[in-house]
Amino acid sequence: MEISIVLCTFNYPSVVRLCLDHIRKYADVPYELIVVDNGSDPEQFKYLQSQKDIKLISITENMGIARSYNEGTKIARADYILFMTCYSLLTEKSLSSMLACLKREKNCAMVGPVSNNVSGHQNIQVPHQDINKLNDFIVQNREHNSGASRQVFRLLSHCMLMKKEVLEQIGGFDERFGLGTYEDDDLCLRLINHSYMLYIALDAFVYYINPLVLPGADADSFFKRLKENKQKAIDKWGFDITSYLINMKAPITISVCMIVKNEEQVLARCLDCVKQFADEIIIVDTGSTDRTKEIAQQYTSHVYDFPWIDDFAAARNYAFSYATKDYIFWLDADDVIYPEDIQKIINLKSTLDWSVDSVTMIYNLGFDEHGNVTNSLRRNRLVKRSKGFKWIGAVHEYLAVYGRILHSDIAVAHKSEWHDSDRNIRIYEKHLAAGEVFSPRDQFYYANELYDHQRYEEAIQWYEKFLEGQQGWVEDNLSACNKLIDCYYHLGDLEKVEKYIFKSFLYDTPRAEFCCRLGYYLMEKKQYKQAAFWYDLATKLRRPPENQGFVNHAAWTWLPHLQLCVCYDRLGEYELAYQHNEMAAKYIPNNASVIHNREYLKKRLGLN
């Protein structure tokens with residue numbers, strides 16, 4: 001046999017029989033079964049004696065988990081021991097998955113499964129409490145997490161697979177903890193102190209029956225024992241070992257997933273950034289005809305083909321399906337991560353709390369001639385793989401994320417040097433030709449594509465249709481107003497320009513972007529006093545959070561000050577003009593306009 005199963009039992013005949021049934025049905029590795037019975041009633045003991053496939057150890061009174069596991073270890077013959085209480089029910093391939101993890105992970109001494117109704121990192125949410133309704137969930141979890149594991153510092157004694165020689169080395173379970181609780185934390189701490197590693201096999205699900213909900217359970221005695229054992233552990237170690245183990249963090253692992261097509265000009269630049277923090281790189285090629293795949297293979301063996309079907313979400317989901325690490329980090333080939341942000345990601349790997357489901361990062365999309373950021377937004381960039389988040393949308397796809405979100409200050413820069421600008425619009429028009437009714441989101445993004453292709457009249461129709469539907473996110477509504485202003489400027493319709501500047505104020509309190517647009521509109525009409533009012537207001541507004549839509553950094557920093565300099569010069573208020581020019585200089589000290597204005601105003605003010 002390969003595994004010795006040591007099962008601790010105490011009364012609850014129906015639970016014990018259910019546990020044995022699941023062992024016999026689902027233990028898919030050659031095993032011997034050792035049952036350590038703790039003073040069960042005569043009927044149950046007689047039943048256990050009648051079972052021909054078990055080795056029975058009888059303890060006349062309930063001595064608890066640690067004593068039971070130690071007694072079972074004495075007669076165990078296999079190199080690996082699965083310690084279980086009768087409240088744990090094996091499920092399909094759970095045992096073989098734990099064993100594979102124990103053999104695979106370097107310096108691993110012990111492995112536990114994911115379970116329902118337990119504490120700590122092993123806890124997993126289940127759709128039903130009835131195990132008979134969990135088969136689909138169990139299969140899905142096993143397939144989704146196939147071969148995946150997570151290093152932890154605490155495993156629970158309801159079900160743990162361990163190397164026998166390691167247990168003997170550290171001296172078995174500490175029996176001072178009596179009936180149970182803290183014997184597992186104590187064991188884990190001793191293993192860690194001996195430089196061993198502990199893992200959860202994420203593809204192994206073991207159902208746990210909470211003994212406190214069973215008939216006759218004495219919850220008061222349990223919590224009293226929990227308190228007493230906590231003190232025993234403190235007396236032994238000098239501190240709260242459970243809190244210590246839970247708060248210890250193993251670095252997360254990251255799978256970087258990318259979809260590419262004809263990216264030979266930029267791919268190596270991106271992957272040179274990625275290789276510094278990625279534990280795994282997955283590249284999905286959607287039909288390259290250049291050296292893209294050859295370049296990708298210099299960085300990773302995980303390069304896959306995906307026939308292009310005019311669906312970005314499908315391609316990204318395909319890439320995600322190959323990920324095996326704790327978290328998935330997605331990028332496009334023309335993205336760049338600068339050294340300071342790479343270091344932030346490396347630091348994040350060591351500090352990220354496992355309860356975080358997604359980490360948003362700043363996406364810098366626009367830059368001026370000096371390299372200053374002009375436009376940015378936030379994207380869910382790093383997501384927990386086990387959540388199974390999916391991409392949605394054939395074009396301008398988005399990642400449907402929920403749960404606990406961490407907003408980081410890490411930035412990714414979009415440095416596009418080549419782009420198939422027609423592909424997105426072709427996909428949209430294909431869907432339109434097929435009679436598809438666009439959602440508000442698709443209306444908005446299709447309008448953006450039309451705008452980018454300078455098809456302004458068509459873009460106006462779709463932006464206005466989007467706004468008329470009144471179902472858009474406030475940030476998209478504001479962005480639509482901004483693009484409509486640009487469209488009407490291009491078409492020379494200043495009346496409509498004015499309309500959509502003021503319409504933006506219906507969706508939220510004035511934003512600096514629209515105050516600056518109104519200021520410019522009034523400057524064009526030579527109404528400098530009114531223009532100065534709106535530019536001045538832009539300098540006093542509270543900037544919205546970074547996770548709200550697009551942000552025009554110029555409008556919130558230097559632009560209104562530079563324009564106030566112009567307005568006050570036209571109004572003959574040269575001191576104010578000079579002051580605002582210097583305020584702009586704090587943001588853009590080398591800007592040609594700032595330098596020119598300074599010299600001009602110094603002459604006006606007689607400061608030379």
# chains A, B, ... in the order shown; residues from 1 in each chain; ligands from 1

call {"tool": "residues_around", "arguments": {"residues": "stretch 350-352 of chain A", "least_positions_apart": "3", "cutoff": "12 Å", "atoms": "only C-alpha atoms", "output": "CSV table (one decimal) with N, CA and C atoms, in the first residue's frame"}}
result
chain,number,residue,atom,x,y,z
A,247,ASN,N,-1.4,34.7,10.0
A,247,ASN,CA,-0.9,36.0,9.4
A,247,ASN,C,0.4,35.8,8.7
A,248,MET,N,1.0,34.6,8.7
A,248,MET,CA,2.2,34.4,7.9
A,248,MET,C,1.8,34.3,6.5
A,249,LYS,N,2.5,35.0,5.6
A,249,LYS,CA,2.2,35.0,4.2
A,249,LYS,C,3.3,34.4,3.3
A,250,ALA,N,2.9,33.4,2.5
A,250,ALA,CA,3.8,32.9,1.5
A,250,ALA,C,3.6,33.8,0.2
A,251,PRO,N,4.6,34.0,-0.5
A,251,PRO,CA,4.5,34.8,-1.7
A,251,PRO,C,3.4,34.2,-2.6
A,252,ILE,N,2.6,35.0,-3.2
A,252,ILE,CA,1.7,34.5,-4.2
A,252,ILE,C,2.4,34.2,-5.5
A,253,THR,N,1.9,33.4,-6.3
A,253,THR,CA,2.5,33.1,-7.6
A,253,THR,C,1.6,33.7,-8.7
A,254,ILE,N,2.2,34.1,-9.8
A,254,ILE,CA,1.5,34.8,-10.9
A,254,ILE,C,1.7,34.2,-12.2
A,277,PHE,N,8.8,39.2,-12.8
A,277,PHE,CA,7.9,38.9,-11.7
A,277,PHE,C,7.0,37.7,-12.0
A,326,ASP,N,-1.5,31.2,-8.6
A,326,ASP,CA,-2.5,31.7,-7.7
A,326,ASP,C,-3.3,32.9,-8.3
A,327,TYR,N,-2.6,33.7,-9.0
A,327,TYR,CA,-3.2,34.9,-9.6
A,327,TYR,C,-2.8,35.0,-11.1
A,343,GLN,N,9.1,46.6,-9.4
A,343,GLN,CA,9.5,46.4,-8.0
A,343,GLN,C,8.3,46.4,-7.1
A,344,LYS,N,7.3,47.2,-7.4
A,344,LYS,CA,6.1,47.3,-6.6
A,344,LYS,C,5.3,45.9,-6.8
A,345,ILE,N,5.3,45.4,-8.0
A,345,ILE,CA,4.7,44.1,-8.2
A,345,ILE,C,5.4,43.0,-7.4
A,346,ILE,N,6.7,43.0,-7.5
A,346,ILE,CA,7.5,42.0,-6.7
A,346,ILE,C,7.2,42.1,-5.2
A,347,ASN,N,7.1,43.3,-4.7
A,347,ASN,CA,6.8,43.5,-3.3
A,347,ASN,C,5.4,43.0,-3.0
A,355,SER,N,-7.1,37.0,0.8
A,355,SER,CA,-8.6,37.3,0.6
A,355,SER,C,-8.8,38.3,-0.5
A,356,VAL,N,-7.8,38.9,-1.1
A,356,VAL,CA,-8.0,39.9,-2.2
A,356,VAL,C,-8.3,39.1,-3.4
A,357,ASP,N,-9.4,39.4,-4.1
A,357,ASP,CA,-9.8,38.8,-5.3
A,357,ASP,C,-9.3,39.4,-6.6
A,358,SER,N,-9.1,40.7,-6.5
A,358,SER,CA,-8.6,41.5,-7.7
A,358,SER,C,-7.8,42.7,-7.2
A,359,VAL,N,-6.7,43.0,-8.0
A,359,VAL,CA,-5.9,44.2,-7.7
A,359,VAL,C,-6.0,45.1,-8.9
A,382,LEU,N,-4.8,42.2,-11.9
A,382,LEU,CA,-4.3,41.0,-11.2
A,382,LEU,C,-5.5,40.4,-10.5
A,383,VAL,N,-5.9,39.1,-10.9
A,383,VAL,CA,-7.1,38.5,-10.4
A,383,VAL,C,-6.8,37.1,-9.9
A,384,LYS,N,-7.5,36.7,-8.9
A,384,LYS,CA,-7.3,35.4,-8.3
A,384,LYS,C,-7.8,34.4,-9.3
A,405,ILE,N,-11.7,44.0,-3.6
A,405,ILE,CA,-10.8,44.6,-4.6
A,405,ILE,C,-9.8,45.5,-3.9
A,406,LEU,N,-8.6,45.4,-4.3
A,406,LEU,CA,-7.5,46.3,-3.8
A,406,LEU,C,-7.1,47.2,-4.9
A,407,HIS,N,-7.2,48.5,-4.6
A,407,HIS,CA,-6.7,49.6,-5.5
A,407,HIS,C,-5.3,49.9,-5.3
A,408,SER,N,-4.4,49.5,-6.1
A,408,SER,CA,-3.0,49.8,-5.9
A,408,SER,C,-2.5,51.0,-6.7

call {"tool": "residues_around", "arguments": {"residues": "A:Glu280", "least_positions_apart": "4", "cutoff": "9 Å", "atoms": "only C-alpha atoms", "output": "mmCIF file with C-alpha atoms, in the first residue's frame"}}
result
data_model
loop_
_atom_site.group_PDB
_atom_site.id
_atom_site.type_symbol
_atom_site.label_atom_id
_atom_site.label_comp_id
_atom_site.auth_asym_id
_atom_site.auth_seq_id
_atom_site.Cartn_x
_atom_site.Cartn_y
_atom_site.Cartn_z
ATOM 1 C CA THR A 253 2.470 33.083 -7.627
ATOM 2 C CA ILE A 254 1.521 34.818 -10.862
ATOM 3 C CA SER A 255 0.558 33.561 -14.306
ATOM 4 C CA VAL A 256 0.933 36.272 -16.949
ATOM 5 C CA CYS A 257 -1.585 35.761 -19.761
ATOM 6 C CA LYS A 275 9.882 37.886 -16.786
ATOM 7 C CA THR A 300 8.085 30.591 -22.399
ATOM 8 C CA HIS A 302 3.484 27.943 -23.052
ATOM 9 C CA ALA A 323 -3.054 29.472 -16.062
ATOM 10 C CA THR A 324 -2.078 27.392 -13.030
ATOM 11 C CA LYS A 325 -0.721 29.915 -10.519
#

call {"tool": "residues_around", "arguments": {"residues": "stretch 208-218 of chain A", "least_positions_apart": "3", "cutoff": "9 Å", "atoms": "only C-alpha atoms", "output": "PyMOL selection string"}}
result
chain A and resi 12+15+86-89+115-118+158+221-222

call {"tool": "closest_atom_pairs", "arguments": {"of": "stretch 363-423 of chain A", "to": "stretch 305-314 of chain A", "cutoff": "12 Å", "atoms": "only C-alpha atoms", "output": "CSV"}}
result
residue,atom,partner,partner_atom,distance
A:Phe389,CA,A:Ala313,CA,11.5
A:Lys390,CA,A:Ala313,CA,8.0
A:Trp391,CA,A:Ala313,CA,4.9
A:Ile392,CA,A:Ala313,CA,5.4
A:Gly393,CA,A:Ala313,CA,5.6
A:Ala394,CA,A:Asp311,CA,4.0
A:Val395,CA,A:Phe312,CA,5.9
A:His396,CA,A:Phe312,CA,7.7
A:Glu397,CA,A:Ala313,CA,5.6
A:Tyr398,CA,A:Ala313,CA,7.7
A:Leu399,CA,A:Ala313,CA,8.5
A:Ala400,CA,A:Ala313,CA,10.8
A:Asp422,CA,A:Asp310,CA,12.0
A:Arg423,CA,A:Asp310,CA,8.3

call {"tool": "write_last_selection", "arguments": {"atoms": "N, CA and C atoms", "output": "PDB file, in the first residue's frame"}}
result
ATOM      1  N   PHE A 389     -12.847  34.152 -12.926  1.00  0.00           N
ATOM      2  CA  PHE A 389     -13.394  35.343 -13.571  1.00  0.00           C
ATOM      3  C   PHE A 389     -13.316  35.204 -15.093  1.00  0.00           C
ATOM      4  N   LYS A 390     -14.340  35.715 -15.790  1.00  0.00           N
ATOM      5  CA  LYS A 390     -14.419  35.594 -17.240  1.00  0.00           C
ATOM      6  C   LYS A 390     -14.407  36.965 -17.914  1.00  0.00           C
ATOM      7  N   TRP A 391     -13.843  36.977 -19.119  1.00  0.00           N
ATOM      8  CA  TRP A 391     -13.909  38.154 -19.976  1.00  0.00           C
ATOM      9  C   TRP A 391     -15.239  38.155 -20.725  1.00  0.00           C
ATOM     10  N   ILE A 392     -15.785  39.331 -20.926  1.00  0.00           N
ATOM     11  CA  ILE A 392     -17.071  39.488 -21.606  1.00  0.00           C
ATOM     12  C   ILE A 392     -16.926  40.574 -22.669  1.00  0.00           C
ATOM     13  N   GLY A 393     -17.469  40.299 -23.865  1.00  0.00           N
ATOM     14  CA  GLY A 393     -17.489  41.298 -24.925  1.00  0.00           C
ATOM     15  C   GLY A 393     -16.547  40.952 -26.053  1.00  0.00           C
ATOM     16  N   ALA A 394     -17.084  40.910 -27.279  1.00  0.00           N
ATOM     17  CA  ALA A 394     -16.259  40.583 -28.443  1.00  0.00           C
ATOM     18  C   ALA A 394     -15.201  41.650 -28.696  1.00  0.00           C
ATOM     19  N   VAL A 395     -15.577  42.926 -28.443  1.00  0.00           N
ATOM     20  CA  VAL A 395     -14.664  44.050 -28.620  1.00  0.00           C
ATOM     21  C   VAL A 395     -14.715  44.903 -27.358  1.00  0.00           C
ATOM     22  N   HIS A 396     -13.612  45.567 -27.030  1.00  0.00           N
ATOM     23  CA  HIS A 396     -13.535  46.351 -25.800  1.00  0.00           C
ATOM     24  C   HIS A 396     -14.046  45.510 -24.628  1.00  0.00           C
ATOM     25  N   GLU A 397     -13.514  44.310 -24.571  1.00  0.00           N
ATOM     26  CA  GLU A 397     -13.905  43.322 -23.576  1.00  0.00           C
ATOM     27  C   GLU A 397     -13.583  43.812 -22.171  1.00  0.00           C
ATOM     28  N   TYR A 398     -14.306  43.290 -21.219  1.00  0.00           N
ATOM     29  CA  TYR A 398     -14.030  43.639 -19.825  1.00  0.00           C
ATOM     30  C   TYR A 398     -14.050  42.378 -18.982  1.00  0.00           C
ATOM     31  N   LEU A 399     -13.331  42.440 -17.876  1.00  0.00           N
ATOM     32  CA  LEU A 399     -13.213  41.309 -16.963  1.00  0.00           C
ATOM     33  C   LEU A 399     -14.260  41.459 -15.866  1.00  0.00           C
ATOM     34  N   ALA A 400     -15.187  40.517 -15.810  1.00  0.00           N
ATOM     35  CA  ALA A 400     -16.286  40.575 -14.838  1.00  0.00           C
ATOM     36  C   ALA A 400     -15.769  40.120 -13.474  1.00  0.00           C
ATOM     37  N   ASP A 422      -8.398  48.834 -37.792  1.00  0.00           N
ATOM     38  CA  ASP A 422      -9.664  48.498 -38.451  1.00  0.00           C
ATOM     39  C   ASP A 422     -10.333  47.262 -37.866  1.00  0.00           C
ATOM     40  N   ARG A 423      -9.583  46.462 -37.080  1.00  0.00           N
ATOM     41  CA  ARG A 423     -10.125  45.173 -36.643  1.00  0.00           C
ATOM     42  C   ARG A 423     -11.339  45.350 -35.741  1.00  0.00           C
TER      43      ARG A 423
END

call {"tool": "atom_distance", "arguments": {"atom1": "atom CA of A:Met84", "atom2": "atom CA of A:Glu228"}}
result
23.1 Å

call {"tool": "atom_distance", "arguments": {"atom1": "atom CA of A:Asp185", "atom2": "atom CA of A:Phe10"}}
result
21.8 Å

call {"tool": "closest_residue", "arguments": {"among": "A:Met160, A:Gly72, A:Glu143, A:Ser376", "to": "A:Leu99", "atoms": "only C-alpha atoms"}}
result
A:Met160

call {"tool": "closest_residue", "arguments": {"among": "A:Met197, A:Val35, A:Ile131, A:Val260", "to": "A:Gln49", "atoms": "only C-alpha atoms"}}
result
A:Val35

call {"tool": "residues_around", "arguments": {"residues": "A:Leu607", "least_positions_apart": "6", "cutoff": "12 Å", "atoms": "only C-alpha atoms", "output": "JSON list (two decimals) with N, CA and C atoms, in the first residue's frame"}}
result
[["chain", "number", "residue", "atom", "x", "y", "z"],
["A", 574, "TYR", "N", -1.46, 91.50, -15.16],
["A", 574, "TYR", "CA", -0.21, 90.78, -15.45],
["A", 574, "TYR", "C", 0.36, 90.05, -14.24],
["A", 575, "GLU", "N", 0.16, 90.57, -13.05],
["A", 575, "GLU", "CA", 0.65, 89.87, -11.86],
["A", 575, "GLU", "C", -0.04, 88.52, -11.68],
["A", 578, "TYR", "N", 1.26, 86.18, -14.27],
["A", 578, "TYR", "CA", 2.57, 85.65, -13.91],
["A", 578, "TYR", "C", 2.45, 84.56, -12.84],
["A", 598, "ARG", "N", 6.96, 83.35, -19.14],
["A", 598, "ARG", "CA", 7.73, 83.92, -18.04],
["A", 598, "ARG", "C", 8.55, 85.12, -18.53],
["A", 599, "GLU", "N", 9.23, 84.97, -19.65],
["A", 599, "GLU", "CA", 10.04, 86.07, -20.17],
["A", 599, "GLU", "C", 9.18, 87.25, -20.58],
["A", 600, "TYR", "N", 8.07, 86.95, -21.23],
["A", 600, "TYR", "CA", 7.16, 88.01, -21.68],
["A", 600, "TYR", "C", 6.59, 88.79, -20.49],
["A", 601, "LEU", "N", 6.13, 88.07, -19.45],
["A", 601, "LEU", "CA", 5.50, 88.74, -18.31],
["A", 601, "LEU", "C", 6.52, 89.46, -17.43]]

call {"tool": "select_by_dssp", "arguments": {"residues": "stretch 176-239 of chain A", "states": "strand (DSSP E)", "output": "ChimeraX atom specification"}}
result
/A:197-205,207-208

call {"tool": "write_last_selection", "arguments": {"atoms": "N, CA and C atoms", "output": "compact mmCIF listing (two decimals), in the first residue's frame"}}
result
# COMPACT_ATOMS: atom_id res chain seq x y z
N MET A 197 7.69 22.63 4.44
CA MET A 197 6.66 23.46 3.82
C MET A 197 5.31 22.74 3.83
N LEU A 198 4.25 23.53 3.91
CA LEU A 198 2.89 23.01 3.94
C LEU A 198 2.13 23.55 2.74
N TYR A 199 1.25 22.74 2.19
CA TYR A 199 0.49 23.16 1.01
C TYR A 199 -0.98 22.76 1.12
N ILE A 200 -1.81 23.53 0.47
CA ILE A 200 -3.19 23.13 0.21
C ILE A 200 -3.24 22.63 -1.23
N ALA A 201 -3.77 21.45 -1.44
CA ALA A 201 -4.03 20.95 -2.79
C ALA A 201 -5.38 21.54 -3.22
N LEU A 202 -5.35 22.55 -4.05
CA LEU A 202 -6.58 23.28 -4.39
C LEU A 202 -7.56 22.45 -5.19
N ASP A 203 -7.09 21.38 -5.81
CA ASP A 203 -8.00 20.52 -6.58
C ASP A 203 -8.57 19.37 -5.76
N ALA A 204 -8.25 19.32 -4.47
CA ALA A 204 -8.75 18.25 -3.58
C ALA A 204 -9.80 18.82 -2.64
N PHE A 205 -11.04 18.40 -2.80
CA PHE A 205 -12.12 18.86 -1.92
C PHE A 205 -12.54 17.73 -1.00
N TYR A 207 -15.28 17.08 2.05
CA TYR A 207 -16.46 17.64 2.73
C TYR A 207 -16.31 17.47 4.24
N TYR A 208 -16.66 18.56 4.96
CA TYR A 208 -16.53 18.51 6.42
C TYR A 208 -17.89 18.70 7.07

call {"tool": "atom_distance", "arguments": {"atom1": "atom CA of A:Gly388", "atom2": "atom CA of A:Ser321"}}
result
9.0 Å

call {"tool": "residues_around", "arguments": {"residues": "stretch 466-477 of chain A", "least_positions_apart": "3", "cutoff": "7 Å", "atoms": "only C-alpha atoms", "output": "list in words"}}
result
Pro440, Gln443, Phe444, Trp462, Tyr463, Ala480, Cys481, Tyr507, Gln548 and Gly549 of chain A

call {"tool": "closest_residue", "arguments": {"among": "A:Gly171, A:Gly519, A:Gly366, A:Pro589", "to": "A:Asp536", "atoms": "only C-alpha atoms"}}
result
A:Gly519

call {"tool": "decode", "arguments": {"residues": "stretch 323-351 of chain A", "atoms": "N, CA and C atoms", "output": "mmCIF file, in the first residue's frame"}}
result
data_model
loop_
_atom_site.group_PDB
_atom_site.id
_atom_site.type_symbol
_atom_site.label_atom_id
_atom_site.label_comp_id
_atom_site.auth_asym_id
_atom_site.auth_seq_id
_atom_site.Cartn_x
_atom_site.Cartn_y
_atom_site.Cartn_z
ATOM 1 N N ALA A 323 -3.747 28.990 -17.259
ATOM 2 C CA ALA A 323 -3.054 29.472 -16.062
ATOM 3 C C ALA A 323 -3.157 28.456 -14.933
ATOM 4 N N THR A 324 -2.077 28.336 -14.152
ATOM 5 C CA THR A 324 -2.078 27.392 -13.030
ATOM 6 C C THR A 324 -1.644 28.038 -11.712
ATOM 7 N N LYS A 325 -1.236 29.282 -11.729
ATOM 8 C CA LYS A 325 -0.721 29.915 -10.519
ATOM 9 C C LYS A 325 -1.841 30.573 -9.720
ATOM 10 N N ASP A 326 -1.470 31.158 -8.568
ATOM 11 C CA ASP A 326 -2.469 31.726 -7.657
ATOM 12 C C ASP A 326 -3.266 32.851 -8.300
ATOM 13 N N TYR A 327 -2.557 33.744 -8.986
ATOM 14 C CA TYR A 327 -3.189 34.921 -9.577
ATOM 15 C C TYR A 327 -2.821 35.024 -11.055
ATOM 16 N N ILE A 328 -3.692 35.701 -11.811
ATOM 17 C CA ILE A 328 -3.461 35.923 -13.240
ATOM 18 C C ILE A 328 -3.260 37.409 -13.476
ATOM 19 N N PHE A 329 -2.194 37.728 -14.185
ATOM 20 C CA PHE A 329 -1.873 39.103 -14.564
ATOM 21 C C PHE A 329 -1.985 39.173 -16.084
ATOM 22 N N TRP A 330 -2.838 40.049 -16.588
ATOM 23 C CA TRP A 330 -3.007 40.138 -18.050
ATOM 24 C C TRP A 330 -2.375 41.416 -18.577
ATOM 25 N N LEU A 331 -1.869 41.326 -19.784
ATOM 26 C CA LEU A 331 -1.229 42.457 -20.452
ATOM 27 C C LEU A 331 -1.467 42.354 -21.951
ATOM 28 N N ASP A 332 -1.286 43.472 -22.642
ATOM 29 C CA ASP A 332 -1.192 43.469 -24.095
ATOM 30 C C ASP A 332 0.270 43.645 -24.474
ATOM 31 N N ALA A 333 0.621 43.224 -25.671
ATOM 32 C CA ALA A 333 2.020 43.222 -26.078
ATOM 33 C C ALA A 333 2.620 44.619 -26.145
ATOM 34 N N ASP A 334 1.787 45.629 -26.387
ATOM 35 C CA ASP A 334 2.313 46.992 -26.469
ATOM 36 C C ASP A 334 2.216 47.730 -25.139
ATOM 37 N N ASP A 335 2.086 46.982 -24.050
ATOM 38 C CA ASP A 335 2.142 47.564 -22.705
ATOM 39 C C ASP A 335 3.574 47.478 -22.169
ATOM 40 N N VAL A 336 3.901 48.423 -21.306
ATOM 41 C CA VAL A 336 5.221 48.485 -20.688
ATOM 42 C C VAL A 336 5.051 48.710 -19.194
ATOM 43 N N ILE A 337 5.897 48.067 -18.403
ATOM 44 C CA ILE A 337 5.916 48.311 -16.956
ATOM 45 C C ILE A 337 7.296 48.832 -16.609
ATOM 46 N N TYR A 338 7.353 50.025 -16.023
ATOM 47 C CA TYR A 338 8.632 50.653 -15.714
ATOM 48 C C TYR A 338 9.230 50.037 -14.450
ATOM 49 N N PRO A 339 10.563 50.167 -14.277
ATOM 50 C CA PRO A 339 11.264 49.464 -13.177
ATOM 51 C C PRO A 339 10.657 49.688 -11.796
ATOM 52 N N GLU A 340 10.238 50.934 -11.489
ATOM 53 C CA GLU A 340 9.695 51.174 -10.150
ATOM 54 C C GLU A 340 8.384 50.421 -9.936
ATOM 55 N N ASP A 341 7.616 50.230 -11.012
ATOM 56 C CA ASP A 341 6.361 49.492 -10.885
ATOM 57 C C ASP A 341 6.598 47.989 -10.894
ATOM 58 N N ILE A 342 7.612 47.532 -11.596
ATOM 59 C CA ILE A 342 7.998 46.115 -11.504
ATOM 60 C C ILE A 342 8.359 45.768 -10.069
ATOM 61 N N GLN A 343 9.117 46.647 -9.422
ATOM 62 C CA GLN A 343 9.497 46.399 -8.030
ATOM 63 C C GLN A 343 8.271 46.386 -7.130
ATOM 64 N N LYS A 344 7.306 47.246 -7.408
ATOM 65 C CA LYS A 344 6.067 47.256 -6.621
ATOM 66 C C LYS A 344 5.321 45.934 -6.770
ATOM 67 N N ILE A 345 5.321 45.373 -7.971
ATOM 68 C CA ILE A 345 4.661 44.075 -8.188
ATOM 69 C C ILE A 345 5.398 42.981 -7.427
ATOM 70 N N ILE A 346 6.722 43.016 -7.477
ATOM 71 C CA ILE A 346 7.519 42.023 -6.730
ATOM 72 C C ILE A 346 7.225 42.127 -5.238
ATOM 73 N N ASN A 347 7.136 43.343 -4.728
ATOM 74 C CA ASN A 347 6.804 43.534 -3.306
ATOM 75 C C ASN A 347 5.396 43.042 -3.011
ATOM 76 N N LEU A 348 4.467 43.304 -3.939
ATOM 77 C CA LEU A 348 3.077 42.878 -3.747
ATOM 78 C C LEU A 348 2.974 41.361 -3.627
ATOM 79 N N LYS A 349 3.804 40.638 -4.357
ATOM 80 C CA LYS A 349 3.770 39.180 -4.302
ATOM 81 C C LYS A 349 4.016 38.664 -2.887
ATOM 82 N N SER A 350 4.812 39.387 -2.132
ATOM 83 C CA SER A 350 5.157 38.951 -0.772
ATOM 84 C C SER A 350 4.182 39.438 0.281
ATOM 85 N N THR A 351 3.363 40.414 -0.059
ATOM 86 C CA THR A 351 2.508 41.032 0.959
ATOM 87 C C THR A 351 1.013 40.891 0.704
#
